[in-house]
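Asker: This is the content of start_19.cif (mmCIF, C-alpha atoms):
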data_entry
#
loop_
_atom_site.label_atom_id
_atom_site.label_comp_id
_atom_site.auth_asym_id
_atom_site.auth_seq_id
_atom_site.Cartn_x
_atom_site.Cartn_y
_atom_site.Cartn_z
CA MET A 1 89.55 -35.29 -14.46
CA THR A 2 91.85 -37.95 -13.07
CA THR A 3 95.40 -38.38 -14.35
CA ILE A 4 96.74 -41.59 -15.85
CA ALA A 5 98.74 -42.13 -12.67
CA GLN A 6 95.61 -41.80 -10.53
CA GLU A 7 93.69 -44.19 -12.76
CA THR A 8 96.52 -46.71 -12.56
CA ALA A 9 96.54 -46.41 -8.78
CA TRP A 10 92.77 -46.97 -8.60
CA ASN A 11 93.01 -50.01 -10.87
CA ARG A 12 95.77 -51.46 -8.69
CA THR A 13 93.78 -50.85 -5.51
CA LEU A 14 90.52 -52.32 -6.76
CA ALA A 15 91.76 -55.24 -8.86
CA PRO A 16 92.11 -57.72 -5.92
CA TYR A 17 88.38 -57.36 -5.16
CA ALA A 18 87.28 -57.91 -8.75
CA ARG A 19 87.34 -61.69 -8.46
CA PRO A 20 84.19 -63.72 -7.89
CA VAL A 21 84.34 -66.48 -5.29
CA LEU A 22 82.31 -69.44 -6.54
CA ARG A 23 81.14 -70.71 -3.15
CA ARG A 24 80.00 -67.21 -2.14
CA SER A 25 78.20 -66.69 -5.44
CA LEU A 26 76.39 -70.03 -5.16
CA PHE A 27 75.50 -69.43 -1.53
CA GLN A 28 74.08 -66.00 -2.37
CA LEU A 29 72.04 -67.45 -5.22
CA LEU A 30 70.61 -70.15 -2.93
CA ASN A 31 69.83 -67.83 -0.01
CA SER A 32 68.02 -65.51 -2.41
CA ALA A 33 66.16 -67.90 -4.72
CA ILE A 34 64.98 -70.49 -2.17
CA PRO A 35 63.35 -67.95 0.22
CA PHE A 36 61.77 -66.15 -2.74
CA PHE A 37 60.07 -69.28 -4.07
CA LEU A 38 59.05 -70.44 -0.59
CA LEU A 39 57.45 -67.05 0.08
CA TRP A 40 55.74 -67.21 -3.32
CA LEU A 41 54.18 -70.56 -2.42
CA LEU A 42 53.22 -69.27 1.02
CA MET A 43 51.52 -66.27 -0.60
CA LEU A 44 49.62 -68.64 -2.87
CA ARG A 45 48.39 -70.63 0.14
CA SER A 46 47.48 -67.44 1.98
CA LEU A 47 44.90 -66.63 -0.72
CA GLU A 48 42.72 -69.26 0.94
CA HIS A 49 42.63 -67.19 4.13
CA ALA A 50 42.94 -63.41 3.73
CA TYR A 51 44.47 -61.26 1.00
CA TRP A 52 46.01 -58.85 3.50
CA ILE A 53 48.28 -61.72 4.57
CA THR A 54 49.30 -62.16 0.93
CA LEU A 55 50.14 -58.48 0.66
CA LEU A 56 52.20 -58.54 3.85
CA LEU A 57 54.20 -61.49 2.55
CA ALA A 58 54.74 -59.61 -0.72
CA VAL A 59 57.09 -57.18 1.05
CA PRO A 60 59.84 -59.69 1.97
CA ALA A 61 59.22 -61.55 -1.32
CA ALA A 62 59.90 -58.29 -3.18
CA GLY A 63 63.07 -57.88 -1.12
CA PHE A 64 64.32 -61.26 -2.33
CA LEU A 65 63.36 -60.38 -5.92
CA ILE A 66 65.49 -57.23 -5.63
CA ARG A 67 68.34 -59.40 -4.35
CA LEU A 68 67.92 -61.70 -7.35
CA PHE A 69 67.95 -58.68 -9.66
CA ILE A 70 71.26 -57.60 -8.13
CA ILE A 71 72.64 -61.04 -8.97
CA GLN A 72 71.37 -60.56 -12.53
CA HIS A 73 73.04 -57.14 -12.49
CA ASP A 74 76.35 -58.73 -11.46
CA CYS A 75 75.97 -61.30 -14.24
CA GLY A 76 75.61 -58.43 -16.71
CA HIS A 77 78.92 -57.02 -15.53
CA GLY A 78 80.58 -60.45 -15.71
CA SER A 79 81.28 -60.32 -11.98
CA PHE A 80 79.14 -63.10 -10.48
CA PHE A 81 80.93 -66.06 -12.10
CA ARG A 82 84.26 -66.22 -13.90
CA SER A 83 82.59 -67.92 -16.86
CA ARG A 84 80.80 -65.58 -19.27
CA ALA A 85 78.49 -68.41 -20.35
CA ALA A 86 77.49 -69.04 -16.72
CA ASN A 87 76.88 -65.32 -16.16
CA ASP A 88 74.77 -65.00 -19.30
CA THR A 89 72.74 -68.14 -18.64
CA LEU A 90 71.87 -67.18 -15.08
CA GLY A 91 71.35 -63.56 -16.10
CA PHE A 92 68.81 -64.56 -18.74
CA ILE A 93 66.88 -66.81 -16.31
CA LEU A 94 66.74 -64.09 -13.67
CA GLY A 95 65.77 -61.59 -16.37
CA VAL A 96 62.61 -63.59 -17.01
CA LEU A 97 61.84 -63.43 -13.28
CA SER A 98 62.47 -59.66 -13.14
CA LEU A 99 60.75 -59.00 -16.50
CA THR A 100 64.02 -57.59 -17.86
CA PRO A 101 65.46 -58.66 -21.25
CA TYR A 102 68.95 -59.51 -20.05
CA GLY A 103 70.96 -59.01 -23.27
CA TYR A 104 69.31 -55.68 -24.07
CA TRP A 105 69.60 -54.46 -20.47
CA ARG A 106 73.26 -55.54 -20.22
CA ARG A 107 74.15 -53.40 -23.24
CA THR A 108 72.19 -50.30 -22.18
CA HIS A 109 73.51 -50.59 -18.64
CA ALA A 110 77.07 -50.73 -19.97
CA ILE A 111 76.34 -47.48 -21.84
CA HIS A 112 75.09 -45.99 -18.56
CA HIS A 113 78.38 -46.87 -16.86
CA ALA A 114 80.41 -45.45 -19.74
CA THR A 115 78.50 -42.15 -19.90
CA SER A 116 77.12 -41.50 -16.39
CA GLY A 117 77.43 -37.79 -15.59
CA ASN A 118 78.20 -36.81 -19.19
CA LEU A 119 75.93 -33.95 -20.27
CA ASP A 120 76.57 -34.71 -23.94
CA GLN A 121 75.53 -38.38 -23.65
CA ARG A 122 72.31 -38.71 -21.68
CA ASP A 123 69.11 -40.77 -21.63
CA ILE A 124 70.52 -44.26 -22.25
CA GLY A 125 69.95 -46.16 -19.01
CA ASP A 126 69.53 -42.91 -17.06
CA VAL A 127 66.80 -40.95 -15.33
CA THR A 128 66.20 -38.05 -17.73
CA THR A 129 67.75 -34.90 -16.26
CA LEU A 130 67.66 -31.45 -17.86
CA THR A 131 69.89 -28.50 -17.09
CA VAL A 132 68.27 -25.28 -15.89
CA SER A 133 69.00 -23.52 -19.19
CA GLU A 134 67.58 -26.41 -21.22
CA TYR A 135 64.42 -26.40 -19.14
CA LEU A 136 63.94 -22.63 -19.42
CA ARG A 137 64.21 -22.78 -23.20
CA LEU A 138 61.42 -25.34 -23.49
CA PRO A 139 57.90 -24.36 -24.53
CA LEU A 140 55.36 -24.49 -21.72
CA TRP A 141 53.86 -27.87 -22.67
CA LYS A 142 57.29 -29.55 -22.67
CA ARG A 143 58.09 -28.05 -19.27
CA MET A 144 54.84 -29.49 -17.93
CA ARG A 145 55.68 -32.88 -19.45
CA TYR A 146 59.09 -32.86 -17.75
CA ARG A 147 57.53 -31.83 -14.43
CA LEU A 148 55.05 -34.68 -14.75
CA TYR A 149 57.80 -37.17 -15.59
CA ARG A 150 59.82 -36.12 -12.54
CA HIS A 151 56.84 -36.15 -10.16
CA PRO A 152 57.28 -38.80 -7.41
CA VAL A 153 53.93 -40.45 -8.21
CA ILE A 154 55.04 -41.01 -11.81
CA LEU A 155 58.73 -41.66 -11.16
CA LEU A 156 58.24 -44.13 -8.31
CA GLY A 157 54.64 -45.27 -8.77
CA ILE A 158 53.41 -45.54 -12.34
CA GLY A 159 56.86 -45.34 -13.95
CA PRO A 160 58.38 -48.55 -12.53
CA ILE A 161 55.37 -50.64 -13.56
CA TYR A 162 55.43 -49.11 -17.04
CA LEU A 163 59.19 -49.75 -17.29
CA PHE A 164 59.22 -53.41 -16.28
CA VAL A 165 55.81 -54.57 -17.52
CA ILE A 166 55.45 -52.61 -20.79
CA ARG A 167 58.60 -50.80 -21.91
CA HIS A 168 60.87 -53.81 -21.39
CA ARG A 169 58.61 -55.79 -23.73
CA PHE A 170 59.23 -53.36 -26.61
CA PRO A 171 62.16 -51.18 -25.51
CA PRO A 172 63.43 -48.16 -27.44
CA ASN A 173 66.98 -47.88 -28.79
CA LEU A 174 67.00 -51.53 -29.86
CA THR A 175 69.16 -50.57 -32.83
CA ARG A 176 71.96 -49.60 -30.43
CA THR A 177 72.07 -53.12 -28.99
CA GLY A 178 72.28 -54.98 -32.31
CA ARG A 179 70.64 -58.25 -33.28
CA ARG A 180 71.57 -59.85 -29.97
CA GLY A 181 69.69 -57.18 -28.07
CA TRP A 182 66.62 -57.66 -30.28
CA ALA A 183 66.83 -61.45 -29.89
CA SER A 184 67.15 -61.07 -26.12
CA VAL A 185 63.96 -59.00 -25.95
CA MET A 186 61.92 -61.34 -28.12
CA LEU A 187 63.15 -64.53 -26.41
CA THR A 188 62.53 -63.06 -22.95
CA ASN A 189 58.99 -62.11 -23.99
CA LEU A 190 58.31 -65.60 -25.29
CA VAL A 191 59.58 -67.26 -22.12
CA ILE A 192 57.58 -64.87 -19.93
CA LEU A 193 54.47 -65.71 -21.97
CA ALA A 194 55.19 -69.43 -21.58
CA VAL A 195 55.58 -69.03 -17.80
CA ILE A 196 52.26 -67.17 -17.60
CA VAL A 197 50.51 -69.93 -19.57
CA VAL A 198 52.00 -72.65 -17.37
CA MET A 199 51.07 -70.82 -14.17
CA TRP A 200 47.59 -70.13 -15.56
CA ARG A 201 47.03 -73.85 -16.02
CA ALA A 202 48.72 -74.75 -12.72
CA VAL A 203 47.17 -72.28 -10.25
CA GLY A 204 44.80 -70.11 -12.28
CA LEU A 205 45.46 -66.72 -13.82
CA GLN A 206 43.75 -64.76 -11.06
CA ALA A 207 45.73 -66.45 -8.28
CA PHE A 208 48.97 -66.03 -10.22
CA LEU A 209 48.37 -62.30 -10.71
CA GLN A 210 47.25 -61.81 -7.11
CA VAL A 211 50.60 -63.17 -5.96
CA GLN A 212 52.99 -61.91 -8.61
CA LEU A 213 51.71 -58.38 -9.23
CA PRO A 214 52.25 -57.05 -5.67
CA ILE A 215 55.76 -58.51 -5.63
CA THR A 216 56.59 -56.93 -8.98
CA MET A 217 55.10 -53.55 -8.05
CA ILE A 218 56.98 -53.29 -4.75
CA ALA A 219 60.28 -54.55 -6.16
CA ALA A 220 60.04 -52.29 -9.24
CA ALA A 221 59.36 -49.16 -7.17
CA ALA A 222 62.18 -49.94 -4.73
CA GLY A 223 64.57 -50.76 -7.57
CA VAL A 224 63.86 -47.51 -9.41
CA TRP A 225 64.29 -45.57 -6.16
CA LEU A 226 67.68 -47.18 -5.54
CA PHE A 227 68.83 -46.34 -9.05
CA TYR A 228 67.45 -42.82 -8.75
CA ILE A 229 68.97 -41.87 -5.41
CA GLN A 230 72.41 -43.17 -6.30
CA HIS A 231 72.85 -40.49 -8.96
CA GLN A 232 70.27 -37.82 -8.14
CA PHE A 233 71.54 -35.86 -5.16
CA GLU A 234 72.53 -32.22 -4.70
CA ASP A 235 76.29 -32.48 -5.15
CA THR A 236 76.25 -35.05 -7.93
CA TYR A 237 78.44 -34.83 -11.02
CA TRP A 238 77.60 -33.59 -14.52
CA GLU A 239 80.16 -32.34 -17.05
CA LYS A 240 80.49 -31.79 -20.78
CA SER A 241 82.48 -34.43 -22.67
CA ASP A 242 85.68 -32.37 -22.78
CA ALA A 243 85.75 -32.10 -18.97
CA TRP A 244 84.16 -35.46 -18.11
CA GLY A 245 86.18 -38.18 -16.40
CA PHE A 246 85.22 -41.80 -15.72
CA TYR A 247 86.62 -41.98 -12.18
CA ALA A 248 85.36 -38.52 -11.27
CA ALA A 249 81.90 -39.50 -12.47
CA GLY A 250 82.04 -42.70 -10.44
CA LEU A 251 83.30 -41.19 -7.20
CA ARG A 252 81.49 -37.83 -7.31
CA GLY A 253 78.41 -38.75 -9.33
CA SER A 254 77.49 -41.89 -7.38
CA SER A 255 76.48 -41.81 -3.73
CA PHE A 256 77.33 -44.09 -0.84
CA TYR A 257 73.80 -44.91 0.24
CA ASP A 258 74.43 -45.99 3.82
CA LEU A 259 71.40 -48.13 4.53
CA PRO A 260 70.65 -50.20 7.64
CA ARG A 261 72.49 -53.54 7.55
CA ILE A 262 69.38 -55.58 6.68
CA LEU A 263 68.62 -53.32 3.70
CA HIS A 264 72.22 -53.55 2.51
CA TRP A 265 71.75 -57.33 2.53
CA PHE A 266 68.47 -57.28 0.59
CA THR A 267 69.82 -54.77 -1.94
CA GLY A 268 73.08 -56.60 -2.53
CA ASN A 269 75.17 -53.70 -1.23
CA ILE A 270 74.22 -51.65 -4.29
CA GLY A 271 74.26 -48.62 -1.99
CA VAL A 272 78.06 -48.78 -2.21
CA HIS A 273 77.45 -47.41 -5.64
CA HIS A 274 80.53 -45.27 -6.07
CA VAL A 275 82.76 -48.32 -5.67
CA HIS A 276 80.60 -50.24 -8.12
CA HIS A 277 80.90 -47.46 -10.71
CA VAL A 278 84.68 -47.20 -10.56
CA CYS A 279 85.02 -50.99 -10.77
CA SER A 280 81.93 -52.84 -11.94
CA ARG A 281 83.73 -56.19 -11.93
CA ILE A 282 83.62 -56.33 -8.13
CA PRO A 283 80.91 -58.82 -7.03
CA ASN A 284 78.22 -57.25 -4.87
CA TYR A 285 79.25 -59.33 -1.85
CA ARG A 286 82.75 -57.80 -1.91
CA LEU A 287 81.75 -54.13 -2.15
CA LEU A 288 81.53 -53.52 1.61
CA GLU A 289 84.82 -55.36 2.11
CA CYS A 290 86.46 -53.05 -0.43
CA LEU A 291 84.95 -49.99 1.27
CA ARG A 292 86.12 -51.06 4.75
CA GLU A 293 89.68 -51.73 3.66
CA ASN A 294 90.14 -48.53 1.65
CA PRO A 295 89.36 -45.42 3.77
CA GLU A 296 89.84 -43.09 0.80
CA LEU A 297 86.68 -44.56 -0.72
CA ARG A 298 84.64 -43.18 2.19
CA LYS A 299 85.37 -39.57 1.17
CA VAL A 300 82.33 -39.34 -1.09
CA THR A 301 78.73 -38.14 -0.80
CA HIS A 302 77.26 -40.12 2.09
CA LEU A 303 73.47 -40.44 2.28
CA THR A 304 71.45 -42.02 5.05
CA LEU A 305 67.95 -43.31 4.40
CA TRP A 306 66.45 -40.20 6.01
CA GLN A 307 68.74 -37.79 4.16
CA SER A 308 67.97 -39.41 0.84
CA LEU A 309 64.29 -38.47 1.03
CA ASN A 310 65.23 -34.83 0.49
CA SER A 311 66.61 -35.64 -2.96
CA ILE A 312 63.19 -36.35 -4.44
CA ARG A 313 62.62 -32.58 -4.76
CA LEU A 314 65.74 -32.08 -6.91
CA LYS A 315 64.93 -31.97 -10.63
CA LEU A 316 67.37 -29.82 -12.63
CA TRP A 317 71.13 -29.48 -13.00
CA ASP A 318 72.32 -25.90 -12.50
CA GLU A 319 75.58 -25.63 -14.44
CA ASP A 320 76.41 -22.25 -12.91
CA ILE A 321 76.60 -23.54 -9.33
CA GLY A 322 77.28 -27.21 -10.10
CA LYS A 323 74.34 -28.57 -8.14
CA LEU A 324 71.09 -30.40 -8.67
CA VAL A 325 68.28 -28.03 -7.75
CA SER A 326 64.51 -28.01 -7.26
CA PHE A 327 61.92 -26.24 -9.38
CA ARG A 328 61.55 -23.74 -6.53
CA HIS A 329 65.13 -22.71 -7.22
CA LEU A 330 63.96 -21.15 -10.47
CA HIS A 331 62.51 -18.06 -8.80
CA LYS A 332 66.09 -17.11 -7.83
CA LEU A 333 66.99 -17.01 -11.50
CA ARG A 334 64.67 -14.22 -12.60
CA ASN A 335 67.56 -11.83 -13.07
CA ARG A 336 69.47 -14.22 -15.32
CA SER A 337 69.72 -13.63 -19.05
CA VAL A 338 67.57 -16.69 -19.85
CA PRO A 339 63.89 -15.73 -19.35
CA LEU A 340 61.58 -17.87 -17.24
CA ALA A 341 58.74 -17.76 -19.77
#
How does this structure look as structure tokens?

Answerer:
Amino acid sequence: MTTIAQETAWNRTLAPYARPVLRRSLFQLLNSAIPFFLLWLLMLRSLEHAYWITLLLAVPAAGFLIRLFIIQHDCGHGSFFRSRAANDTLGFILGVLSLTPYGYWRRTHAIHHATSGNLDQRDIGDVTTLTVSEYLRLPLWKRMRYRLYRHPVILLGIGPIYLFVIRHRFPPNLTRTGRRGWASVMLTNLVILAVIVVMWRAVGLQAFLQVQLPITMIAAAAGVWLFYIQHQFEDTYWEKSDAWGFYAAGLRGSSFYDLPRILHWFTGNIGVHHVHHVCSRIPNYRLLECLRENPELRKVTHLTLWQSLNSIRLKLWDEDIGKLVSFRHLHKLRNRSVPLA
């Protein structure tokens, strides 16, 4: 755990970066929204020629949708504009585009930031992660359910579509977000329905779905992967409440996902996740600047795109060795006191 002096030092170091710059925020919004809508229209026109062209165009369109989601994410942290009303208004609009109820998501995401890496406070805004001992105590059918949940096809294929298309329409834990969270969900659903009706009348339901569904599917899968890899790696951080620390969780439990420059741009530098977790008020366009100017922030888990692929096999937190491990690791535990079956 960090000391009060260390926390004060971190706050002093990071505070200068936690100021949005209006011209940069507006420029980022424009260079994300305009290309997205132009590509959407181009995809619509491409339906007259060949659907494979539409699908190819869906890839960069999904990239711009991810970028718009990162802007929504910044709005939720109050870091894109200085005005809370401006953040909330833009966040809600972008939430309709990303199929995410902004007010509900903002609250659950704040819980994620406040509890990330805490073994006693899991499953709100997190990828469900069991410890080895918890898994071994489960009956067989619950083990199989957990294995299925953590399978890449479910986690990165079916799961993202279920999350954004279905679960966000009627999310769990609404009681924890209060009446505002409930209102956010219902209003977002109504606006999404209105958009679908308008697009149905304007271009036809089939054409609308042929364009929008591939964009949503690609962006959802990529977004879930980004969120997954930034906390699910071998040397991540999990502690009980009495040993948990906010800055330790941010710096040790969040990776620096060092992507190629173009992917950093499309993902709004969210790969600089450890900096974001220790100071969520830093706008996404200032994260790399903060990292460059503070060498001590580079002394964290560093993952390249290739290295990150290995993390998909890691499923369980082993408290004895302090690492995330694979299911294959379990055969090494046969001599432990907790039986395997």

Asker: Carefully work through the PyMOL selection byres ((chain A and resi 79) around 12) for this structure and note down the residues it includes, as a PDB file with C-alpha atoms, in the coordinates of the input.

Answerer:
ATOM      1  CA  TYR A  17      88.380 -57.360  -5.160  1.00  0.00           C
ATOM      2  CA  ALA A  18      87.280 -57.910  -8.750  1.00  0.00           C
ATOM      3  CA  ARG A  19      87.340 -61.690  -8.460  1.00  0.00           C
ATOM      4  CA  PRO A  20      84.190 -63.720  -7.890  1.00  0.00           C
ATOM      5  CA  VAL A  21      84.340 -66.480  -5.290  1.00  0.00           C
ATOM      6  CA  LEU A  22      82.310 -69.440  -6.540  1.00  0.00           C
ATOM      7  CA  SER A  25      78.200 -66.690  -5.440  1.00  0.00           C
ATOM      8  CA  ILE A  70      71.260 -57.600  -8.130  1.00  0.00           C
ATOM      9  CA  ILE A  71      72.640 -61.040  -8.970  1.00  0.00           C
ATOM     10  CA  GLN A  72      71.370 -60.560 -12.530  1.00  0.00           C
ATOM     11  CA  HIS A  73      73.040 -57.140 -12.490  1.00  0.00           C
ATOM     12  CA  ASP A  74      76.350 -58.730 -11.460  1.00  0.00           C
ATOM     13  CA  CYS A  75      75.970 -61.300 -14.240  1.00  0.00           C
ATOM     14  CA  GLY A  76      75.610 -58.430 -16.710  1.00  0.00           C
ATOM     15  CA  HIS A  77      78.920 -57.020 -15.530  1.00  0.00           C
ATOM     16  CA  GLY A  78      80.580 -60.450 -15.710  1.00  0.00           C
ATOM     17  CA  PHE A  80      79.140 -63.100 -10.480  1.00  0.00           C
ATOM     18  CA  PHE A  81      80.930 -66.060 -12.100  1.00  0.00           C
ATOM     19  CA  ARG A  82      84.260 -66.220 -13.900  1.00  0.00           C
ATOM     20  CA  SER A  83      82.590 -67.920 -16.860  1.00  0.00           C
ATOM     21  CA  ARG A  84      80.800 -65.580 -19.270  1.00  0.00           C
ATOM     22  CA  ALA A  85      78.490 -68.410 -20.350  1.00  0.00           C
ATOM     23  CA  ALA A  86      77.490 -69.040 -16.720  1.00  0.00           C
ATOM     24  CA  ASN A  87      76.880 -65.320 -16.160  1.00  0.00           C
ATOM     25  CA  ASP A  88      74.770 -65.000 -19.300  1.00  0.00           C
ATOM     26  CA  GLY A  91      71.350 -63.560 -16.100  1.00  0.00           C
ATOM     27  CA  HIS A 276      80.600 -50.240  -8.120  1.00  0.00           C
ATOM     28  CA  CYS A 279      85.020 -50.990 -10.770  1.00  0.00           C
ATOM     29  CA  SER A 280      81.930 -52.840 -11.940  1.00  0.00           C
ATOM     30  CA  ARG A 281      83.730 -56.190 -11.930  1.00  0.00           C
ATOM     31  CA  ILE A 282      83.620 -56.330  -8.130  1.00  0.00           C
ATOM     32  CA  PRO A 283      80.910 -58.820  -7.030  1.00  0.00           C
ATOM     33  CA  ASN A 284      78.220 -57.250  -4.870  1.00  0.00           C
ATOM     34  CA  TYR A 285      79.250 -59.330  -1.850  1.00  0.00           C
ATOM     35  CA  ARG A 286      82.750 -57.800  -1.910  1.00  0.00           C
ATOM     36  CA  LEU A 287      81.750 -54.130  -2.150  1.00  0.00           C
TER      37      LEU A 287
END

Asker: Would you mind reading off the distance between atom CA of A:Tyr104 and atom CA of A:Arg179, one decimal, in Å?

Answerer: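 Taking atom CA of A:Tyr104 and atom CA of A:Arg179, their separation equals 9.7 Å.
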
Asker: Near A:Leu291, counting all atoms listed in the file, which residues have an atom at most 12 Å away, once you skip same-chain residues fewer than 3 positions from it, shown as a list of chain:residue names?

Answerer: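 The contact residues come out as A:Thr13, A:Leu14, A:Tyr17, A:Phe256, A:Asp258, A:Asn269, A:Gly271, A:Val272, A:His273, A:His274, A:Val275, A:His276, A:Ile282, A:Asn284, A:Tyr285, A:Arg286, A:Leu287, A:Leu288, A:Asn294, A:Pro295, A:Glu296, A:Leu297, A:Arg298, A:Lys299, A:Val300.
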
Asker: Enumerate, in order of chain and increasing residue number, the residues of stretch 146-264 of chain A with an atom no farther than 10 Å from stretch 28-46 of chain A, each with its shortest atom pair and distance in Å to one decimal, counting only C-alpha atoms, as JSON lines.

Answerer:
{"residue": "A:Val203", "atom": "CA", "partner": "A:Leu44", "partner_atom": "CA", "distance": 8.6}
{"residue": "A:Ala207", "atom": "CA", "partner": "A:Leu44", "partner_atom": "CA", "distance": 7.0}
{"residue": "A:Phe208", "atom": "CA", "partner": "A:Leu44", "partner_atom": "CA", "distance": 7.8}
{"residue": "A:Gln210", "atom": "CA", "partner": "A:Leu44", "partner_atom": "CA", "distance": 8.4}
{"residue": "A:Val211", "atom": "CA", "partner": "A:Met43", "partner_atom": "CA", "distance": 6.3}
{"residue": "A:Gln212", "atom": "CA", "partner": "A:Trp40", "partner_atom": "CA", "distance": 8.0}
{"residue": "A:Ile215", "atom": "CA", "partner": "A:Trp40", "partner_atom": "CA", "distance": 9.0}

Asker: Using the chain letters and numbers from this file, what does the PyMOL selection byres ((chain A and resi 325) around 12) select? Give the answer as a PyMOL selection string.

Answerer: chain A and resi 129-132+232-236+310-324+326-333

Asker: Just the number, please: distance in Å from atom CA of A:Gly245 to atom CA of A:Val224, one decimal.

Answerer: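 Computing it gives 25.2 Å between the two atoms.
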
Asker: Output as a PDB file, keeping the file's coordinate frame: stretch 205-211 of chain A, completed with all heavy atoms.

Answerer:
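After the write, selection28.pdb holds the following:
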ATOM      1  N   LEU A 205      44.906 -68.025 -13.499  1.00  0.00           N
ATOM      2  CA  LEU A 205      45.460 -66.720 -13.820  1.00  0.00           C
ATOM      3  C   LEU A 205      45.237 -65.709 -12.711  1.00  0.00           C
ATOM      4  O   LEU A 205      46.138 -64.936 -12.370  1.00  0.00           O
ATOM      5  CB  LEU A 205      44.838 -66.190 -15.131  1.00  0.00           C
ATOM      6  CG  LEU A 205      45.371 -64.848 -15.631  1.00  0.00           C
ATOM      7  CD1 LEU A 205      46.863 -64.924 -15.914  1.00  0.00           C
ATOM      8  CD2 LEU A 205      44.606 -64.404 -16.873  1.00  0.00           C
ATOM      9  N   GLN A 206      44.045 -65.724 -12.119  1.00  0.00           N
ATOM     10  CA  GLN A 206      43.750 -64.760 -11.060  1.00  0.00           C
ATOM     11  C   GLN A 206      44.680 -64.944  -9.868  1.00  0.00           C
ATOM     12  O   GLN A 206      45.246 -63.972  -9.348  1.00  0.00           O
ATOM     13  CB  GLN A 206      42.299 -64.882 -10.610  1.00  0.00           C
ATOM     14  CG  GLN A 206      41.927 -63.892  -9.504  1.00  0.00           C
ATOM     15  CD  GLN A 206      40.462 -63.977  -9.109  1.00  0.00           C
ATOM     16  OE1 GLN A 206      39.635 -64.441  -9.878  1.00  0.00           O
ATOM     17  NE2 GLN A 206      40.148 -63.509  -7.913  1.00  0.00           N
ATOM     18  N   ALA A 207      44.855 -66.186  -9.424  1.00  0.00           N
ATOM     19  CA  ALA A 207      45.730 -66.450  -8.280  1.00  0.00           C
ATOM     20  C   ALA A 207      47.168 -66.066  -8.597  1.00  0.00           C
ATOM     21  O   ALA A 207      47.865 -65.471  -7.763  1.00  0.00           O
ATOM     22  CB  ALA A 207      45.648 -67.929  -7.899  1.00  0.00           C
ATOM     23  N   PHE A 208      47.614 -66.380  -9.810  1.00  0.00           N
ATOM     24  CA  PHE A 208      48.970 -66.030 -10.220  1.00  0.00           C
ATOM     25  C   PHE A 208      49.191 -64.523 -10.156  1.00  0.00           C
ATOM     26  O   PHE A 208      50.186 -64.040  -9.605  1.00  0.00           O
ATOM     27  CB  PHE A 208      49.252 -66.548 -11.627  1.00  0.00           C
ATOM     28  CG  PHE A 208      50.556 -66.087 -12.201  1.00  0.00           C
ATOM     29  CD1 PHE A 208      51.761 -66.531 -11.680  1.00  0.00           C
ATOM     30  CD2 PHE A 208      50.583 -65.196 -13.263  1.00  0.00           C
ATOM     31  CE1 PHE A 208      52.980 -66.089 -12.205  1.00  0.00           C
ATOM     32  CE2 PHE A 208      51.777 -64.743 -13.787  1.00  0.00           C
ATOM     33  CZ  PHE A 208      52.983 -65.198 -13.257  1.00  0.00           C
ATOM     34  N   LEU A 209      48.242 -63.757 -10.706  1.00  0.00           N
ATOM     35  CA  LEU A 209      48.370 -62.300 -10.710  1.00  0.00           C
ATOM     36  C   LEU A 209      48.264 -61.719  -9.305  1.00  0.00           C
ATOM     37  O   LEU A 209      48.959 -60.751  -8.971  1.00  0.00           O
ATOM     38  CB  LEU A 209      47.323 -61.678 -11.626  1.00  0.00           C
ATOM     39  CG  LEU A 209      47.474 -61.983 -13.115  1.00  0.00           C
ATOM     40  CD1 LEU A 209      46.327 -61.359 -13.904  1.00  0.00           C
ATOM     41  CD2 LEU A 209      48.814 -61.505 -13.648  1.00  0.00           C
ATOM     42  N   GLN A 210      47.395 -62.298  -8.477  1.00  0.00           N
ATOM     43  CA  GLN A 210      47.250 -61.810  -7.110  1.00  0.00           C
ATOM     44  C   GLN A 210      48.541 -61.961  -6.311  1.00  0.00           C
ATOM     45  O   GLN A 210      48.813 -61.175  -5.410  1.00  0.00           O
ATOM     46  CB  GLN A 210      46.114 -62.552  -6.400  1.00  0.00           C
ATOM     47  CG  GLN A 210      44.727 -62.098  -6.807  1.00  0.00           C
ATOM     48  CD  GLN A 210      43.641 -62.870  -6.083  1.00  0.00           C
ATOM     49  OE1 GLN A 210      43.651 -64.102  -6.034  1.00  0.00           O
ATOM     50  NE2 GLN A 210      42.700 -62.141  -5.492  1.00  0.00           N
ATOM     51  N   VAL A 211      49.320 -62.956  -6.641  1.00  0.00           N
ATOM     52  CA  VAL A 211      50.600 -63.170  -5.960  1.00  0.00           C
ATOM     53  C   VAL A 211      51.714 -62.365  -6.614  1.00  0.00           C
ATOM     54  O   VAL A 211      52.463 -61.644  -5.944  1.00  0.00           O
ATOM     55  CB  VAL A 211      50.960 -64.673  -5.947  1.00  0.00           C
ATOM     56  CG1 VAL A 211      52.391 -64.881  -5.425  1.00  0.00           C
ATOM     57  CG2 VAL A 211      49.973 -65.449  -5.088  1.00  0.00           C
TER      58      VAL A 211
END
